[in-house]
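Content type mmCIF, C-alpha atoms, from the file structure-v8.cif:
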data_input
#
loop_
_atom_site.label_atom_id
_atom_site.label_comp_id
_atom_site.auth_asym_id
_atom_site.auth_seq_id
_atom_site.Cartn_x
_atom_site.Cartn_y
_atom_site.Cartn_z
CA MET E 1 11.56 3.06 24.95
CA SER E 2 11.94 2.02 28.59
CA GLU E 3 10.37 -1.10 30.04
CA THR E 4 7.96 0.69 32.35
CA MET E 5 6.76 3.01 29.64
CA HIS E 6 6.19 0.01 27.44
CA ALA E 7 4.05 -1.63 30.13
CA ASP E 8 1.98 1.57 30.38
CA TYR E 9 1.46 1.60 26.63
CA LEU E 10 0.37 -1.99 26.61
CA ALA E 11 -2.11 -1.55 29.45
CA SER E 12 -3.85 1.41 27.85
CA ILE E 13 -3.87 -0.18 24.42
CA GLU E 14 -5.36 -3.36 25.86
CA THR E 15 -8.11 -1.32 27.50
CA ILE E 16 -8.87 0.37 24.18
CA ALA E 17 -8.80 -2.87 22.19
CA ASP E 18 -11.06 -4.62 24.72
CA ARG E 19 -13.60 -1.83 24.36
CA TYR E 20 -14.16 -3.08 20.79
CA GLY E 21 -13.84 -6.78 21.55
CA ARG E 22 -10.43 -6.78 19.84
CA ASN E 23 -12.27 -6.89 16.52
CA PRO E 24 -10.01 -5.60 13.72
CA ASP E 25 -13.10 -4.24 11.93
CA PHE E 26 -13.01 -1.42 14.49
CA LEU E 27 -9.41 -0.49 13.75
CA ILE E 28 -10.20 3.14 12.96
CA PRO E 29 -12.20 3.91 16.13
CA MET E 30 -9.52 2.12 18.14
CA MET E 31 -6.83 4.24 16.54
CA GLN E 32 -8.89 7.34 17.27
CA ASP E 33 -8.98 6.32 20.93
CA VAL E 34 -5.23 5.72 20.92
CA GLN E 35 -4.73 9.18 19.46
CA THR E 36 -6.99 10.71 22.12
CA ALA E 37 -5.04 8.89 24.85
CA PHE E 38 -1.56 9.87 23.68
CA GLY E 39 -2.21 13.00 21.65
CA TYR E 40 -0.81 11.22 18.60
CA LEU E 41 -0.16 7.69 17.36
CA PRO E 42 3.12 6.51 18.86
CA ARG E 43 4.81 3.78 16.84
CA ASP E 44 4.95 1.42 19.84
CA ALA E 45 1.26 1.90 20.45
CA LEU E 46 0.36 1.09 16.83
CA GLU E 47 2.59 -1.96 16.77
CA GLY E 48 1.14 -3.09 20.09
CA LEU E 49 -2.38 -2.62 18.76
CA ALA E 50 -1.61 -4.56 15.57
CA ASP E 51 -0.23 -7.36 17.71
CA LEU E 52 -3.34 -7.48 19.92
CA LEU E 53 -5.67 -7.56 16.91
CA GLY E 54 -3.61 -10.07 14.96
CA ILE E 55 -3.22 -7.75 11.96
CA PRO E 56 0.04 -6.69 10.30
CA PRO E 57 1.56 -3.38 11.49
CA SER E 58 1.66 -2.36 7.82
CA GLN E 59 -2.15 -2.15 7.88
CA CYS E 60 -2.09 0.24 10.84
CA PHE E 61 0.52 2.38 9.13
CA SER E 62 -1.49 2.41 5.93
CA VAL E 63 -4.62 3.62 7.73
CA ALA E 64 -2.67 6.09 9.89
CA THR E 65 -1.12 7.78 6.87
CA PHE E 66 -4.30 7.70 4.77
CA TYR E 67 -6.43 9.82 7.11
CA LYS E 68 -5.46 13.35 7.79
CA SER E 69 -6.92 13.29 11.30
CA PHE E 70 -4.29 10.77 12.39
CA SER E 71 -0.84 11.99 13.34
CA LEU E 72 2.29 9.92 13.77
CA VAL E 73 4.17 12.78 15.38
CA PRO E 74 3.35 14.43 18.73
CA ARG E 75 0.86 17.25 18.43
CA GLY E 76 0.42 20.44 20.38
CA ARG E 77 -2.09 20.60 23.21
CA HIS E 78 -4.29 22.80 21.02
CA THR E 79 -4.96 22.64 17.32
CA ILE E 80 -5.40 25.91 15.47
CA THR E 81 -7.23 25.55 12.20
CA VAL E 82 -7.33 28.44 9.77
CA CYS E 83 -9.79 28.26 6.92
CA LEU E 84 -8.29 29.08 3.54
CA GLY E 85 -11.41 28.39 1.49
CA THR E 86 -12.22 30.91 -1.24
CA VAL E 87 -14.35 33.19 0.92
CA CYS E 88 -12.09 33.09 3.99
CA TYR E 89 -9.07 33.59 1.77
CA LEU E 90 -10.57 36.70 0.19
CA LYS E 91 -11.67 38.08 3.55
CA GLY E 92 -8.19 37.90 5.05
CA GLY E 93 -7.65 34.21 5.83
CA ARG E 94 -4.27 34.27 4.13
CA GLU E 95 -3.01 37.14 6.29
CA ILE E 96 -4.29 35.35 9.40
CA ALA E 97 -2.50 32.17 8.37
CA GLU E 98 0.73 34.07 7.69
CA THR E 99 0.53 35.85 11.04
CA ILE E 100 0.03 32.59 12.91
CA GLU E 101 2.92 30.97 11.06
CA ARG E 102 5.13 33.91 12.03
CA GLU E 103 3.89 34.22 15.59
CA LEU E 104 4.19 30.49 16.41
CA GLU E 105 7.18 29.91 14.13
CA VAL E 106 5.50 26.96 12.45
CA LYS E 107 4.67 25.78 8.97
CA ALA E 108 1.47 24.01 7.92
CA GLY E 109 1.02 20.87 10.02
CA GLY E 110 3.77 21.93 12.42
CA THR E 111 3.77 22.29 16.18
CA SER E 112 5.06 25.33 18.05
CA ARG E 113 8.28 24.89 20.02
CA ASP E 114 6.49 25.15 23.38
CA GLY E 115 4.26 22.22 22.35
CA LEU E 116 1.15 24.31 22.86
CA PHE E 117 -0.20 24.74 19.34
CA THR E 118 -0.37 22.66 16.19
CA TYR E 119 -1.24 24.79 13.20
CA GLU E 120 -3.27 23.37 10.34
CA PRO E 121 -4.63 25.29 7.38
CA VAL E 122 -7.80 23.79 5.93
CA ASN E 123 -9.34 24.24 2.52
CA CYS E 124 -12.90 24.94 3.64
CA LEU E 125 -14.82 24.53 6.86
CA GLY E 126 -18.16 25.07 5.20
CA ALA E 127 -18.87 28.11 7.35
CA CYS E 128 -18.40 30.75 4.68
CA ALA E 129 -20.96 33.09 6.25
CA LEU E 130 -18.63 33.40 9.24
CA ALA E 131 -15.56 34.16 7.09
CA PRO E 132 -12.78 34.37 7.93
CA VAL E 133 -12.91 31.47 10.38
CA VAL E 134 -10.33 30.29 12.88
CA VAL E 135 -10.99 27.17 14.95
CA VAL E 136 -9.05 26.29 18.07
CA ASP E 137 -9.76 22.70 19.15
CA SER E 138 -13.56 22.78 18.75
CA GLU E 139 -14.13 26.46 19.42
CA TYR E 140 -15.05 28.58 16.41
CA TYR E 141 -13.93 32.20 16.03
CA ASP E 142 -15.86 34.03 13.32
CA HIS E 143 -15.15 37.22 11.38
CA VAL E 144 -11.61 37.12 12.75
CA LYS E 145 -9.49 40.21 12.25
CA LEU E 146 -5.73 40.29 12.53
CA ARG E 147 -5.96 42.30 15.73
CA ASP E 148 -8.10 39.54 17.33
CA LEU E 149 -5.32 36.97 17.05
CA PRO E 150 -3.18 37.98 20.05
CA ARG E 151 -6.28 37.79 22.27
CA ILE E 152 -7.18 34.32 20.99
CA LEU E 153 -3.67 32.95 21.43
CA LYS E 154 -3.35 34.57 24.84
CA LYS E 155 -6.51 32.87 26.04
CA TYR E 156 -5.04 29.41 25.47
CA ARG E 157 -1.60 30.34 26.71
CA GLU E 158 -3.06 31.64 29.98
CA ALA E 159 -5.40 28.69 30.40
CA ASP E 160 -2.42 26.43 29.95
CA ARG E 161 -0.33 28.32 32.48
CA LYS E 162 -3.15 28.10 35.04
CA GLY E 163 -3.67 24.43 34.37
CA GLN E 164 -0.05 23.66 35.15
CA MET B 1 -21.12 -22.11 -8.63
CA GLY B 2 -20.83 -24.19 -11.68
CA GLU B 3 -23.72 -22.40 -13.36
CA THR B 4 -22.97 -21.59 -17.00
CA VAL B 5 -23.94 -18.42 -18.84
CA THR B 6 -23.75 -17.39 -22.46
CA LEU B 7 -22.13 -14.12 -23.42
CA THR B 8 -20.81 -12.42 -26.54
CA ILE B 9 -17.28 -11.11 -26.84
CA ASP B 10 -16.26 -9.26 -30.01
CA GLY B 11 -19.26 -10.72 -31.79
CA ARG B 12 -18.50 -14.31 -30.86
CA GLU B 13 -20.74 -16.24 -28.53
CA THR B 14 -19.16 -18.23 -25.73
CA GLN B 15 -20.01 -20.07 -22.55
CA ALA B 16 -18.46 -19.32 -19.21
CA LYS B 17 -18.91 -20.18 -15.57
CA VAL B 18 -20.50 -17.73 -13.17
CA GLY B 19 -17.76 -16.28 -11.03
CA GLU B 20 -15.30 -15.86 -13.85
CA THR B 21 -14.20 -12.38 -14.83
CA LEU B 22 -14.57 -10.83 -18.24
CA LEU B 23 -10.79 -10.74 -18.61
CA GLN B 24 -10.44 -14.48 -18.00
CA VAL B 25 -13.12 -15.35 -20.55
CA ALA B 26 -11.92 -12.86 -23.16
CA ARG B 27 -8.32 -14.02 -22.92
CA ARG B 28 -9.45 -17.63 -23.21
CA MET B 29 -11.04 -16.63 -26.52
CA GLY B 30 -7.77 -15.11 -27.64
CA ALA B 31 -8.56 -11.43 -27.17
CA ALA B 32 -5.47 -9.28 -26.74
CA ILE B 33 -6.00 -7.27 -23.54
CA PRO B 34 -2.94 -5.69 -21.96
CA THR B 35 -2.69 -5.81 -18.15
CA LEU B 36 -0.19 -4.72 -15.55
CA CYS B 37 -1.89 -5.12 -12.19
CA TYR B 38 -3.51 -8.47 -12.99
CA HIS B 39 -1.90 -11.63 -11.72
CA PRO B 40 -3.66 -14.99 -11.43
CA ALA B 41 -2.11 -15.59 -8.00
CA VAL B 42 -3.82 -12.63 -6.32
CA SER B 43 -7.32 -11.18 -6.27
CA PRO B 44 -8.04 -8.62 -9.01
CA TYR B 45 -7.59 -5.03 -7.97
CA GLY B 46 -8.40 -2.92 -11.03
CA ALA B 47 -5.62 -0.43 -10.42
CA CYS B 48 -3.78 -0.08 -13.71
CA ARG B 49 -6.92 0.44 -15.85
CA LEU B 50 -5.19 -1.01 -18.90
CA CYS B 51 -7.63 -3.89 -19.24
CA LEU B 52 -10.51 -1.54 -20.15
CA VAL B 53 -13.16 -3.04 -22.41
CA GLU B 54 -16.54 -1.84 -23.58
CA VAL B 55 -19.65 -3.60 -22.29
CA LYS B 56 -23.18 -3.14 -23.51
CA VAL B 57 -25.75 -2.74 -20.76
CA ARG B 58 -29.36 -2.13 -21.77
CA GLY B 59 -28.38 -0.76 -25.15
CA ARG B 60 -25.72 1.61 -23.83
CA THR B 61 -22.04 0.88 -23.80
CA ARG B 62 -19.57 1.85 -21.14
CA LEU B 63 -15.95 1.22 -20.32
CA VAL B 64 -15.16 -1.17 -17.47
CA THR B 65 -12.02 -2.83 -16.15
CA SER B 66 -12.36 -6.39 -17.40
CA CYS B 67 -10.07 -7.86 -14.72
CA CYS B 68 -12.67 -7.34 -12.00
CA TYR B 69 -15.88 -7.38 -14.04
CA PRO B 70 -17.97 -10.46 -13.28
CA ILE B 71 -19.63 -11.99 -16.31
CA ARG B 72 -23.35 -12.63 -16.53
CA GLU B 73 -25.94 -14.02 -18.92
CA GLY B 74 -26.32 -12.08 -22.15
CA LEU B 75 -23.34 -9.80 -21.58
CA GLU B 76 -21.99 -8.21 -24.71
CA ALA B 77 -18.39 -6.97 -24.67
CA PHE B 78 -16.00 -5.37 -27.14
CA THR B 79 -12.30 -5.66 -26.43
CA GLN B 80 -10.86 -3.96 -29.53
CA SER B 81 -13.29 -1.15 -30.39
CA ASP B 82 -11.91 2.28 -31.31
CA ARG B 83 -13.16 3.70 -28.04
CA VAL B 84 -11.42 0.96 -26.06
CA LEU B 85 -8.11 1.28 -27.89
CA LYS B 86 -8.15 5.06 -27.53
CA ALA B 87 -8.93 4.87 -23.82
CA ARG B 88 -6.20 2.30 -23.24
CA ARG B 89 -3.67 4.50 -25.00
CA GLY B 90 -4.70 7.40 -22.79
CA VAL B 91 -4.26 5.27 -19.70
CA MET B 92 -0.88 4.09 -20.94
CA ARG B 93 0.28 7.68 -21.41
CA LEU B 94 -0.62 8.41 -17.79
CA LEU B 95 1.24 5.31 -16.63
CA LEU B 96 4.26 6.30 -18.70
CA ALA B 97 4.28 9.67 -17.00
CA ARG B 98 4.67 7.88 -13.67
CA ALA B 99 7.23 5.34 -14.78
CA PRO B 100 9.05 6.84 -17.76
CA GLU B 101 12.23 4.90 -17.11
CA SER B 102 10.72 1.42 -17.07
CA PRO B 103 11.83 -0.55 -20.14
CA GLU B 104 8.99 -3.04 -19.57
CA LEU B 105 6.40 -0.28 -19.67
CA ARG B 106 7.90 1.42 -22.70
CA LYS B 107 7.91 -1.84 -24.59
CA LEU B 108 4.23 -2.41 -23.81
CA ALA B 109 3.46 1.19 -24.77
CA GLU B 110 5.15 0.73 -28.10
CA SER B 111 3.12 -2.39 -28.80
CA MET B 112 0.01 -0.27 -28.18
CA GLY B 113 1.13 2.25 -30.75
CA ILE B 114 2.53 4.93 -28.44
CA THR B 115 5.83 6.13 -29.78
CA ASP B 116 5.97 9.65 -28.41
CA PRO B 117 6.33 9.18 -24.67
CA GLN B 118 6.88 12.41 -22.80
CA LEU B 119 9.46 11.78 -20.11
CA PRO B 120 9.01 13.88 -17.00
CA SER B 121 11.40 13.52 -14.11
CA VAL B 122 10.27 11.44 -11.15
CA THR B 123 11.40 11.48 -7.54
CA LYS B 124 13.56 8.59 -6.38
CA GLY B 125 11.08 7.42 -3.76
CA LYS B 126 8.35 7.03 -6.34
CA ARG B 127 10.55 6.05 -9.23
CA ASP B 128 8.83 3.95 -11.78
CA CYS B 129 6.05 2.79 -9.48
CA ILE B 130 2.63 2.76 -11.09
CA LEU B 131 0.88 1.87 -7.80
CA CYS B 132 -0.63 -1.28 -9.28
CA GLY B 133 -0.53 -2.92 -5.86
CA LEU B 134 0.76 -6.30 -7.08
CA CYS B 135 3.68 -6.32 -4.63
CA VAL B 136 1.33 -5.45 -1.76
CA SER B 137 -1.13 -8.21 -2.73
CA VAL B 138 1.48 -10.87 -3.26
CA CYS B 139 3.20 -10.06 0.04
CA ASN B 140 -0.10 -10.13 1.88
CA GLU B 141 -2.17 -12.81 0.11
CA VAL B 142 0.47 -15.22 -1.13
CA MET B 143 3.43 -14.89 1.25
CA GLY B 144 1.34 -13.97 4.29
CA ALA B 145 4.00 -11.50 5.38
CA ALA B 146 2.25 -8.16 4.79
CA ALA B 147 5.60 -6.41 5.13
CA ILE B 148 4.59 -3.60 2.79
CA SER B 149 1.43 -1.61 2.22
CA PHE B 150 0.09 1.43 0.47
CA SER B 151 0.81 4.49 2.56
CA TYR B 152 -0.32 8.10 2.41
CA ARG B 153 -2.95 9.31 0.04
CA GLY B 154 -3.63 10.98 -3.28
CA VAL B 155 -0.53 12.25 -5.06
CA GLU B 156 1.56 11.17 -2.07
CA ARG B 157 0.41 7.56 -2.25
CA VAL B 158 3.35 5.20 -2.22
CA VAL B 159 4.16 1.60 -1.28
CA THR B 160 6.30 1.44 1.85
CA ALA B 161 7.29 -0.76 4.74
CA PRO B 162 5.48 0.20 7.98
CA PHE B 163 6.89 3.42 9.45
CA GLU B 164 9.11 3.60 6.38
CA GLN B 165 11.72 1.54 8.16
CA SER B 166 13.06 -1.94 7.50
CA SER B 167 10.27 -4.39 8.35
CA PRO B 168 11.05 -7.50 10.40
CA ALA B 169 8.05 -9.15 8.72
CA CYS B 170 9.82 -9.10 5.34
CA LEU B 171 11.09 -12.53 4.26
CA ALA B 172 13.17 -11.03 1.43
CA CYS B 173 11.56 -13.73 -0.70
CA GLY B 174 11.62 -11.52 -3.75
CA ALA B 175 7.98 -12.19 -4.67
CA CYS B 176 7.37 -8.42 -4.87
CA ALA B 177 10.30 -8.03 -7.26
CA ALA B 178 9.11 -10.97 -9.34
CA VAL B 179 5.58 -9.64 -9.85
CA CYS B 180 6.44 -5.95 -10.32
CA PRO B 181 5.35 -5.24 -13.90
CA VAL B 182 7.60 -2.21 -14.31
CA GLY B 183 10.73 -3.57 -12.66
CA SER B 184 10.82 -1.02 -9.87
CA VAL B 185 11.22 -3.50 -7.00
CA VAL B 186 14.66 -5.06 -6.76
CA LEU B 187 16.69 -7.21 -4.37
CA GLU B 188 20.09 -5.72 -3.68
CA TYR B 189 22.72 -7.95 -2.11
CA ASP B 190 25.50 -6.56 0.02
CA GLY B 191 27.64 -9.24 1.60
CA GLU B 192 25.36 -11.37 3.75
CA THR B 193 22.43 -8.96 3.74
CA VAL B 194 19.76 -8.43 1.16
CA THR B 195 17.78 -5.22 0.84
CA VAL B 196 14.41 -5.09 -0.87
CA GLU B 197 14.31 -1.71 -2.57
CA PRO B 198 12.68 0.78 -2.68
CA PHE B 199 11.11 -0.38 0.61
CA GLY B 200 14.45 -0.54 2.43
CA ASN B 201 13.72 -3.92 4.00
CA ARG B 202 17.15 -5.22 5.08
CA ARG B 203 17.28 -8.91 5.94
CA PRO B 204 19.94 -11.63 6.26
CA ALA B 205 20.58 -13.15 2.85
CA LEU B 206 20.24 -16.82 1.97
CA ARG B 207 22.96 -18.59 0.02
CA CYS B 208 22.67 -21.77 -2.01
CA ARG B 209 24.41 -24.41 0.08
CA GLU B 210 25.95 -26.00 -3.01
CA CYS B 211 27.22 -23.13 -5.14
CA GLY B 212 26.93 -20.18 -2.74
CA ALA B 213 24.71 -18.12 -5.05
CA LEU B 214 22.52 -15.54 -3.29
CA ILE B 215 18.90 -16.65 -3.47
CA GLY B 216 16.80 -14.26 -1.40
CA GLY B 217 16.46 -14.01 2.37
CA LYS B 218 16.94 -16.46 5.22
CA GLY B 219 13.40 -15.66 6.37
CA MET B 220 12.05 -17.07 3.13
CA GLY B 221 14.00 -20.30 3.61
CA GLU B 222 12.58 -20.67 7.10
CA ARG B 223 9.02 -19.91 5.99
CA VAL B 224 9.17 -22.38 3.12
CA ALA B 225 10.63 -25.03 5.42
CA GLN B 226 7.73 -24.45 7.83
CA GLN B 227 5.11 -24.86 5.14
CA LEU B 228 6.63 -27.79 3.29
CA SER B 229 6.94 -31.10 5.03
CA GLY B 230 9.44 -33.88 5.23
CA ARG B 231 12.38 -34.14 2.91
CA LEU B 232 11.27 -31.36 0.61
CA THR B 233 12.40 -28.92 3.28
CA GLN B 234 15.96 -30.02 2.56
CA ALA B 235 15.88 -28.38 -0.83
CA VAL B 236 15.02 -24.97 0.61
CA ASP B 237 18.54 -23.57 0.62
CA LEU B 238 19.38 -24.65 -2.92
CA CYS B 239 19.29 -22.42 -5.96
CA ALA B 240 17.16 -23.53 -8.90
CA GLU B 241 20.19 -24.65 -10.86
CA CYS B 242 21.66 -26.79 -8.09
CA LYS B 243 18.24 -28.30 -7.46
CA ARG B 244 18.07 -29.32 -11.10
CA LYS B 245 21.62 -30.63 -11.01
CA ILE B 246 20.96 -32.78 -7.94
CA SER B 247 17.74 -34.12 -9.42
CA ALA B 248 19.52 -34.89 -12.70
CA GLN B 249 22.29 -36.72 -10.90
CA ALA B 250 19.73 -38.76 -9.00
CA ILE B 251 18.02 -39.70 -12.26
CA CYS B 252 21.33 -40.80 -13.83
CA GLN B 253 22.40 -42.80 -10.83
CA ALA B 254 19.21 -44.40 -9.65
CA GLY B 255 16.99 -44.07 -12.69
CA THR B 256 14.45 -42.09 -10.66
CA ALA B 257 13.73 -38.45 -10.10
CA VAL B 258 13.29 -39.10 -6.40
CA VAL B 259 16.27 -37.47 -4.77
CA ALA B 260 17.93 -39.25 -1.86
CA TRP B 261 18.13 -36.15 0.30
CA PRO B 262 20.18 -36.53 3.49
CA ALA B 263 18.38 -38.24 6.36
CA LEU B 264 15.88 -36.16 8.30
CA PRO B 265 16.97 -34.71 11.62
CA GLU B 266 15.96 -36.55 14.77
CA GLY B 267 12.28 -36.16 15.65
CA VAL B 268 11.18 -34.80 12.26
CA THR B 269 8.71 -37.01 10.48
CA GLU B 270 7.58 -37.02 6.92
CA ARG B 271 3.98 -36.02 6.46
#
The structure given in the file should be rewritten as structure tokens.
Amino acid sequence: MSETMHADYLASIETIADRYGRNPDFLIPMMQDVQTAFGYLPRDALEGLADLLGIPPSQCFSVATFYKSFSLVPRGRHTITVCLGTVCYLKGGREIAETIERELEVKAGGTSRDGLFTYEPVNCLGACALAPVVVVDSEYYDHVKLRDLPRILKKYREADRKGQ
Amino acid sequence: MGETVTLTIDGRETQAKVGETLLQVARRMGAAIPTLCYHPAVSPYGACRLCLVEVKVRGRTRLVTSCCYPIREGLEAFTQSDRVLKARRGVMRLLLARAPESPELRKLAESMGITDPQLPSVTKGKRDCILCGLCVSVCNEVMGAAAISFSYRGVERVVTAPFEQSSPACLACGACAAVCPVGSVVLEYDGETVTVEPFGNRRPALRCRECGALIGGKGMGERVAQQLSGRLTQAVDLCAECKRKISAQAICQAGTAVVAWPALPEGVTER
């Protein structure tokens, strides 16, 4: 980690910690903000945060590994969630999941090589009436068929290309 | 505090102070209650579930962990009922499945009448850990180092150093190894370094200045020296045996147990 990068880290972590009055009771929301800022929880950021709050880094690590929504490794710019609950599974969720794994060359929890997508299967989204469900970031795709997938992926790939 | 209540344990009435736990009172009365995650030096955690007892609440009985059950007026508890003994044996079987290789655990299991332990294989990372949390509590509450913590969740739950890499906060004091009820935490010495396994905390080792025996980590010596005052700090880098020897020599020579430790360094005063 270079010096300048470290200074950047510290500045943004200080801003986040100050938002909550540096009160360790708000560790989880602070960590959520850190994850929003960096896309994941970098080790330096967590150690810096622990230092600012006067809590041991082991506590941050404990919380970061306990909750599934926290990630200690860099994540893709988009998160694809495929529901594998009973109904979605029966209505083709498994095939959708397999296709995504093959198409993006990822396994559950993995990130595609281009850094665009992180793929996460989920056990139920509670939207069984829409089965099978695929969620990208916070956008829901209902009654997804295998032939819909290329269109969905393309949408984010193109948006990304335009954004760059 | 200081208020006294009357309760009944195994049919015998007794008095206890509000704030005490059922385990403390029952043990004081001589009840045999096995525990693994209980240690008087740290706050009760209720993780191992071995200290189960039956309590009667409004005519119904239920099983509770006695180590963290606060007593109250009129409480009725049974520490050796059939239901309790059966439940404890069930718990012990589950613990054995996690730590089948621990001699300490197998001995305790035998004393509880379990002689048919099934021995599944366990992964090295989780070997013989029953997740009682004693090492975590002692590191955090007693040593103030918090070099280890519970990490991950559910079946993946495990005690690790932060980021699963050697923690600079670790004093290599060995408190975690000392309290571990199943002997899964150990200090491994390699030359002048000591590694606290299975956490992988590698620290410089501390040697007894008299006999050269390895007695934990340098960090521990420094921490103890910080917290003690005056001449006591001069005994920090001595092993227990050499400490006894020096005290004994002092008694023989001067007729007093007060050891004439070397003079204090310049500027250090005795508190």
Mind checking which residues fall within 12 Å of Thr36 (chain E), counting all atoms listed in the file, ignoring those fewer than 2 positions away in the same chain, and posting them as a list in words?
-> Ser12, Ile13, Ile16, Pro29, Met30, Met31, Gln32, Asp33, Val34, Phe38, Gly39, Tyr40, Leu41, Pro42, Ser69, Phe70, Ser71, Pro74, Arg75 and Arg77 of chain E
If the PyMOL selection byres ((chain B) within 6 of (chain E)) is run on the structure shown, which residues does it catch, given as a count of residues only?
-> 7
Just the residues within 10 Å of region 150-156 of chain E, please, counting only C-alpha atoms, with nothing from its chain fewer than 2 positions along; format it as a ChimeraX atom specification.
-> /E:77-78,80,99-100,103-104,116-117,134,136,141,144,146-148,158-162
Near Gly74 (chain B), within 12 Å and counting all atoms listed in the file, which residues show up once chain neighbours fewer than 6 positions away are dropped, as number ranges by chain?
-> B: 4-9, 12-16, 55-59
Determine the residue set returned by the PyMOL selection byres ((chain B and resi 98) around 7) for the present structure, and present it as a PyMOL selection string.
-> chain B and resi 94-97+99-100+128-130
In Å, with one decimal, what is the gap from CA of Thr233 (chain B) to CA of Pro168 (chain B)?
-> 22.6 Å
Determine the axis-aligned bounding box of all atoms of region 189-196 of chain B present in the file, pad each side by 4 Å, and express its centre and edge lengths in Å to one decimal place as JSON.
{"center_x": 21.0, "center_y": -8.2, "center_z": 0.8, "size_x": 21.2, "size_y": 14.3, "size_z": 13.9}
Can you list, as an MDAnalysis selection string, the residues that the PyMOL selection byres ((chain E and resi 142) around 10) selects here?
-> chainID E and resid 127:135 139:141 143:145
For CA of Cys51 (chain B) and CA of Arg88 (chain B), the interatomic separation in Å (one decimal) = 7.5 Å
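Our summary of the geometry notes that CA of Glu54 (chain B) is positioned 6.4 Å from CA of Thr79 (chain B).
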Radius query 10 Å about (-12.0, -8.6, -16.7), atoms used: only C-alpha atoms, as a list in words | Glu20, Thr21, Leu22, Leu23, Gln24, Val25, Ala26, Arg27, Ile33, Thr35, Tyr38, Pro44, Gly46, Cys51, Leu52, Val53, Val64, Thr65, Ser66, Cys67, Cys68, Tyr69, Pro70 and Ile71 of chain B
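The residues that lie within 9 Å of the point (-3.5, -6.3, 18.1), counting all atoms listed in the file, are E:Ile13, E:Glu14, E:Ala17, E:Arg22, E:Asn23, E:Pro24, E:Leu46, E:Glu47, E:Gly48, E:Leu49, E:Ala50, E:Asp51, E:Leu52, E:Leu53, E:Gly54, E:Ile55, E:Pro56, E:Pro57.
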